[in-house]
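Each remark here refers to the structure printed beneath this line.
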Amino acid sequence: MNRLIQYIRRRLSLRLGLVIVLVITVAFALLFGYLFYRSKSYVQRAAIDRATQLLNNTVERINGIMDETETVTNYMAVTTTRHLHPDSLLVFTRRTIEDNPFLTGFAISMEPNYFPEKGRYYSAYSLRYRPDDADSTAIDSITTVREGPFEYFDAVWYKTPRTLGKACWVDAYDDYNEGTLSSPDYLTSYCCPMRDANGRYIGSITASLTLKWLSEACSALKPYPNSSAIMVDRNGTYIVHPDTAKLFSESIFTDAAPEVRRQIEMMGKSMISGNSGMIETIVDGNDAFIFYRPLQRNGWSIAIVCPESDVYARYDHMIIIVWVIIAIGLMLLMLFCYQTVRRAAQPLSQLDHAVRRIADGHFDEPLPESSRRDSVGRLTNSFSRMQQSLAESVADIQRVNDELQQQNDELATAYQLKLETNRKKTLFIRDMYHEIRTPLNIINGFTQVLSGMFHEIPDNELTDITARMRSSAEAISHLTRMLAASVTTSTTPSTRTSSSHRKNKK
């Protein structure tokens, strides 16, 4: 890693290319980040519109069936009271089922003992049996019977309109009664009371729809591959759910995960209150959008669960493609910038090589002229001329240095010679001192003798003393001449060296 960093630091073209790509990458990241943010908002808005439109269409479809069911039932409630005959009621129920293929069952149930000859119970009931969808050749079959004897007066589809005194939709119920004609599926019914000319309650008419049909209608709500639909009744209990084990046993309030329970409870309250809306939440551990809308007639509500991964699937796919294109583009841009900068910086590399050679002492290595007319070319040519001038200056300096070195050598030699001369002179003077001191002491001694005892000294001794004093004086004179000659000889080379130094200096 350190080697790579060092290599990048040494390569100007690579550094410049990386800087350019980095700047462009930051600019692209900001630009595309904003575009992706806006795009994601548009995708989310489109997903909401798509799911909402599909949900609205399904609700309108179900409402349309319920409208027809109510219309047929209300019409039959009026028509039947004009033809209250036991056999006619059986015909009415069968014909109603035949004319309205969306109905599963149709019943005309009378009050106890309304037809005394028929006993306490009389309920004409026609039930449509729909074969398995796998058998495409099978057709629906309709069975018409007189129900009883069983206490249908306590059944929800009979008791509810009698108690309320008005037509209404009842919640889903199990139609099974032992020994009677029953639907194998759960039903929901629209129940309308029948009254005679005096307004007395005489029975009820019940038109039933199977929850299987509602479940199929909800299952058709597939805006995305993994989306699903649910339907809850006015208490929030599931009456349509992808997991059939939860039907009629769990509600939207008990099925929520702990981390989103409060959010789901608020949505459930909104659904059973008859409101429409959308929330973003977590379903089965995955982020999801839930769109819901009520069925106004019976207080139920339908919801579509759309996983966020499905909603943004095309967007995410587009993001991957765009980033791959951007990555490839940036790599190509990096290569182009590297080659361009490398070509532009090649003279600079040559300059760098020349500078390092000069730093190593190779001043005379020539630098080729550049034919470029830009600033880099002018810089190269200027540096080439500077290198030539530097080489000439270095040569002159070297020549002067050689001359100065020669003069320094001569001065060093003269200095050593002078030191040697001074040493010899010192030794000579010391010897002369000793040589002069002896005759001088003799002369000094005889002088003292003569000055104090001149008249007492015999002539022969005086002659001897005089001779010895003369001999000592001659010795001193000889030593003085030798000293003078020595001083003259020692000063002559120094004067000659000084004259030579002044000549070289000039």
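By convention here, the chains of the structure tokens are called A, B, ... in the order presented, each chain's residues are numbered starting at 1, and ligands are numbered starting at 1 in the order presented.
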Residues within 10 Å of Arg128 in chain A, please, as a PDB file with N, CA, C and O atoms, in the first residue's frame. Count only C-alpha atoms; anything in the same chain fewer than 2 positions from it doesn't count.
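Output below, filename part.pdb:
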```pdb
ATOM      1  N   ARG A  94     -84.835 -19.317  -7.298  1.00  0.00           N
ATOM      2  CA  ARG A  94     -84.039 -19.957  -8.350  1.00  0.00           C
ATOM      3  C   ARG A  94     -83.817 -19.017  -9.527  1.00  0.00           C
ATOM      4  O   ARG A  94     -82.705 -18.924 -10.067  1.00  0.00           O
ATOM      5  N   ILE A  97     -81.145 -16.409  -8.803  1.00  0.00           N
ATOM      6  CA  ILE A  97     -79.784 -16.941  -8.892  1.00  0.00           C
ATOM      7  C   ILE A  97     -79.379 -17.114 -10.353  1.00  0.00           C
ATOM      8  O   ILE A  97     -78.241 -16.804 -10.750  1.00  0.00           O
ATOM      9  N   GLU A  98     -80.303 -17.594 -11.166  1.00  0.00           N
ATOM     10  CA  GLU A  98     -79.983 -17.803 -12.584  1.00  0.00           C
ATOM     11  C   GLU A  98     -79.708 -16.487 -13.299  1.00  0.00           C
ATOM     12  O   GLU A  98     -78.823 -16.414 -14.161  1.00  0.00           O
ATOM     13  N   PRO A 101     -75.420 -14.023 -11.974  1.00  0.00           N
ATOM     14  CA  PRO A 101     -74.342 -14.999 -11.758  1.00  0.00           C
ATOM     15  C   PRO A 101     -73.379 -14.626 -10.626  1.00  0.00           C
ATOM     16  O   PRO A 101     -72.629 -15.481 -10.169  1.00  0.00           O
ATOM     17  N   PHE A 102     -73.410 -13.381 -10.175  1.00  0.00           N
ATOM     18  CA  PHE A 102     -72.509 -13.005  -9.089  1.00  0.00           C
ATOM     19  C   PHE A 102     -73.024 -13.482  -7.738  1.00  0.00           C
ATOM     20  O   PHE A 102     -72.295 -13.509  -6.753  1.00  0.00           O
ATOM     21  N   LEU A 103     -74.344 -13.866  -7.652  1.00  0.00           N
ATOM     22  CA  LEU A 103     -74.921 -14.324  -6.394  1.00  0.00           C
ATOM     23  C   LEU A 103     -74.615 -15.796  -6.170  1.00  0.00           C
ATOM     24  O   LEU A 103     -74.638 -16.612  -7.094  1.00  0.00           O
ATOM     25  N   THR A 104     -74.312 -16.117  -4.911  1.00  0.00           N
ATOM     26  CA  THR A 104     -74.079 -17.518  -4.531  1.00  0.00           C
ATOM     27  C   THR A 104     -75.352 -18.131  -3.961  1.00  0.00           C
ATOM     28  O   THR A 104     -75.677 -19.289  -4.268  1.00  0.00           O
ATOM     29  N   GLY A 105     -76.044 -17.393  -3.142  1.00  0.00           N
ATOM     30  CA  GLY A 105     -77.284 -17.911  -2.559  1.00  0.00           C
ATOM     31  C   GLY A 105     -78.342 -16.825  -2.482  1.00  0.00           C
ATOM     32  O   GLY A 105     -78.017 -15.629  -2.417  1.00  0.00           O
ATOM     33  N   PHE A 106     -79.615 -17.278  -2.483  1.00  0.00           N
ATOM     34  CA  PHE A 106     -80.739 -16.344  -2.368  1.00  0.00           C
ATOM     35  C   PHE A 106     -81.825 -17.047  -1.584  1.00  0.00           C
ATOM     36  O   PHE A 106     -82.256 -18.158  -1.953  1.00  0.00           O
ATOM     37  N   SER A 126     -82.160 -21.029  -2.661  1.00  0.00           N
ATOM     38  CA  SER A 126     -81.452 -21.527  -3.853  1.00  0.00           C
ATOM     39  C   SER A 126     -79.962 -21.241  -3.666  1.00  0.00           C
ATOM     40  O   SER A 126     -79.566 -20.120  -3.297  1.00  0.00           O
ATOM     41  N   ARG A 130     -70.371 -23.751  -7.387  1.00  0.00           N
ATOM     42  CA  ARG A 130     -69.357 -23.491  -8.396  1.00  0.00           C
ATOM     43  C   ARG A 130     -68.313 -24.600  -8.338  1.00  0.00           C
ATOM     44  O   ARG A 130     -67.669 -24.811  -7.293  1.00  0.00           O
ATOM     45  N   PRO A 131     -68.106 -25.314  -9.445  1.00  0.00           N
ATOM     46  CA  PRO A 131     -67.133 -26.414  -9.444  1.00  0.00           C
ATOM     47  C   PRO A 131     -65.698 -25.891  -9.297  1.00  0.00           C
ATOM     48  O   PRO A 131     -65.436 -24.691  -9.380  1.00  0.00           O
ATOM     49  N   ASP A 140     -71.782 -24.195 -13.536  1.00  0.00           N
ATOM     50  CA  ASP A 140     -72.402 -24.036 -12.230  1.00  0.00           C
ATOM     51  C   ASP A 140     -73.690 -24.851 -12.166  1.00  0.00           C
ATOM     52  O   ASP A 140     -74.401 -25.049 -13.166  1.00  0.00           O
ATOM     53  N   SER A 141     -73.981 -25.295 -10.959  1.00  0.00           N
ATOM     54  CA  SER A 141     -75.257 -25.988 -10.721  1.00  0.00           C
ATOM     55  C   SER A 141     -76.007 -25.248  -9.632  1.00  0.00           C
ATOM     56  O   SER A 141     -75.389 -24.700  -8.713  1.00  0.00           O
ATOM     57  N   ILE A 142     -77.342 -25.226  -9.733  1.00  0.00           N
ATOM     58  CA  ILE A 142     -78.182 -24.509  -8.771  1.00  0.00           C
ATOM     59  C   ILE A 142     -79.135 -25.502  -8.132  1.00  0.00           C
ATOM     60  O   ILE A 142     -79.805 -26.290  -8.818  1.00  0.00           O
ATOM     61  N   THR A 143     -79.186 -25.442  -6.816  1.00  0.00           N
ATOM     62  CA  THR A 143     -80.082 -26.314  -6.057  1.00  0.00           C
ATOM     63  C   THR A 143     -81.086 -25.443  -5.305  1.00  0.00           C
ATOM     64  O   THR A 143     -80.698 -24.470  -4.642  1.00  0.00           O
ATOM     65  N   THR A 144     -82.365 -25.787  -5.421  1.00  0.00           N
ATOM     66  CA  THR A 144     -83.425 -25.026  -4.754  1.00  0.00           C
ATOM     67  C   THR A 144     -84.160 -25.960  -3.804  1.00  0.00           C
ATOM     68  O   THR A 144     -84.597 -27.048  -4.202  1.00  0.00           O
ATOM     69  N   SER A 183     -73.489 -23.777   1.974  1.00  0.00           N
ATOM     70  CA  SER A 183     -72.344 -23.461   1.123  1.00  0.00           C
ATOM     71  C   SER A 183     -71.060 -23.916   1.824  1.00  0.00           C
ATOM     72  O   SER A 183     -70.928 -23.760   3.046  1.00  0.00           O
TER      73      SER A 183
END
```
Members of range 139-298 of chain A assigned alpha helix (DSSP H) by DSSP, as a ChimeraX atom specification: /A:156-164,211-219,261-272
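Minimum atom-to-atom distance to Glu265 in chain A, evaluated using only C-alpha atoms, belongs to A:Phe253 out of A:Gly199, A:Pro225, A:Ala77, A:Phe253.
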Length of the CA of Leu209 in chain A to CA of Thr254 in chain A vector [Å]: 27.1 Å
Thr438 in chain A surroundings by only C-alpha atoms, 10 Å radius, close-in-sequence under 4 positions cut, as a VMD selection string: chain A and resid 433 to 434 442 to 444 472 475 to 476
How about saving the chosen residues, N, CA, C and O atoms kept, as an mmCIF file, in the first residue's frame?
```cif
data_model
loop_
_atom_site.group_PDB
_atom_site.id
_atom_site.type_symbol
_atom_site.label_atom_id
_atom_site.label_comp_id
_atom_site.auth_asym_id
_atom_site.auth_seq_id
_atom_site.Cartn_x
_atom_site.Cartn_y
_atom_site.Cartn_z
ATOM 1 N N TYR A 433 73.458 33.580 20.439
ATOM 2 C CA TYR A 433 73.417 34.132 21.789
ATOM 3 C C TYR A 433 74.462 33.463 22.661
ATOM 4 O O TYR A 433 75.206 34.120 23.396
ATOM 5 N N HIS A 434 74.458 32.115 22.532
ATOM 6 C CA HIS A 434 75.459 31.392 23.331
ATOM 7 C C HIS A 434 76.892 31.700 22.850
ATOM 8 O O HIS A 434 77.825 31.831 23.664
ATOM 9 N N ILE A 442 83.964 37.305 28.570
ATOM 10 C CA ILE A 442 85.434 37.476 28.745
ATOM 11 C C ILE A 442 85.777 38.966 28.735
ATOM 12 O O ILE A 442 86.528 39.459 29.594
ATOM 13 N N ILE A 443 85.209 39.636 27.712
ATOM 14 C CA ILE A 443 85.495 41.084 27.624
ATOM 15 C C ILE A 443 84.989 41.788 28.853
ATOM 16 O O ILE A 443 85.668 42.676 29.425
ATOM 17 N N ASN A 444 83.802 41.467 29.298
ATOM 18 C CA ASN A 444 83.205 42.105 30.464
ATOM 19 C C ASN A 444 84.045 41.826 31.706
ATOM 20 O O ASN A 444 84.284 42.714 32.553
ATOM 21 N N SER A 472 88.326 38.136 21.606
ATOM 22 C CA SER A 472 86.868 38.001 21.874
ATOM 23 C C SER A 472 86.085 39.012 21.054
ATOM 24 O O SER A 472 84.970 38.714 20.524
ATOM 25 N N ALA A 475 85.842 37.793 17.631
ATOM 26 C CA ALA A 475 84.843 36.704 17.559
ATOM 27 C C ALA A 475 83.421 37.261 17.517
ATOM 28 O O ALA A 475 82.558 36.808 16.767
ATOM 29 N N ILE A 476 83.225 38.310 18.354
ATOM 30 C CA ILE A 476 81.874 38.930 18.341
ATOM 31 C C ILE A 476 81.598 39.558 16.991
ATOM 32 O O ILE A 476 80.495 39.461 16.446
#
```
Which residues are near Ser189 in chain A? Cut-off 7 Å, only C-alpha atoms, ignore same chain within fewer than 6 positions. Put them as a PDB file with C-alpha atoms, in the first residue's frame.
```pdb
ATOM      1  CA  TRP A 157     -78.896 -13.153   8.231  1.00  0.00           C
ATOM      2  CA  TRP A 169     -75.077  -6.140   5.195  1.00  0.00           C
ATOM      3  CA  VAL A 170     -74.032  -8.700   7.782  1.00  0.00           C
ATOM      4  CA  THR A 206     -81.178 -12.671   1.919  1.00  0.00           C
ATOM      5  CA  ALA A 207     -78.773 -12.391  -1.034  1.00  0.00           C
ATOM      6  CA  SER A 208     -75.416 -13.997  -0.360  1.00  0.00           C
ATOM      7  CA  LEU A 209     -71.969 -13.557  -1.840  1.00  0.00           C
TER       8      LEU A 209
END
```
Option closest in space to Ala107 in chain A, from A:Tyr158, A:Trp323, A:Phe28, A:Phe336 [counting only C-alpha atoms]: A:Tyr158
Every residue of range 89-304 of chain A that DSSP places in strand (DSSP E or B), as a PyMOL selection string: chain A and resi 105-110+123-129+141-147+168-174+186-195+201-210+228-232+237-240+251+277-283+286-295+300-304
All residues 12 Å or closer to Ala167 in chain A, only C-alpha atoms, same chain fewer than 3 positions away omitted, as a PyMOL selection string: chain A and resi 69-71+73-74+77+157-164+170+189-195+203-207+297-298
Near-Pro242 in chain A list (9 Å; only C-alpha atoms; drop same-chain fewer than 5 positions) as a list of chain:residue names: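 Listing them by chain and then by number gives A:Ser219, A:Ser228, A:Ala229, A:Ile230.
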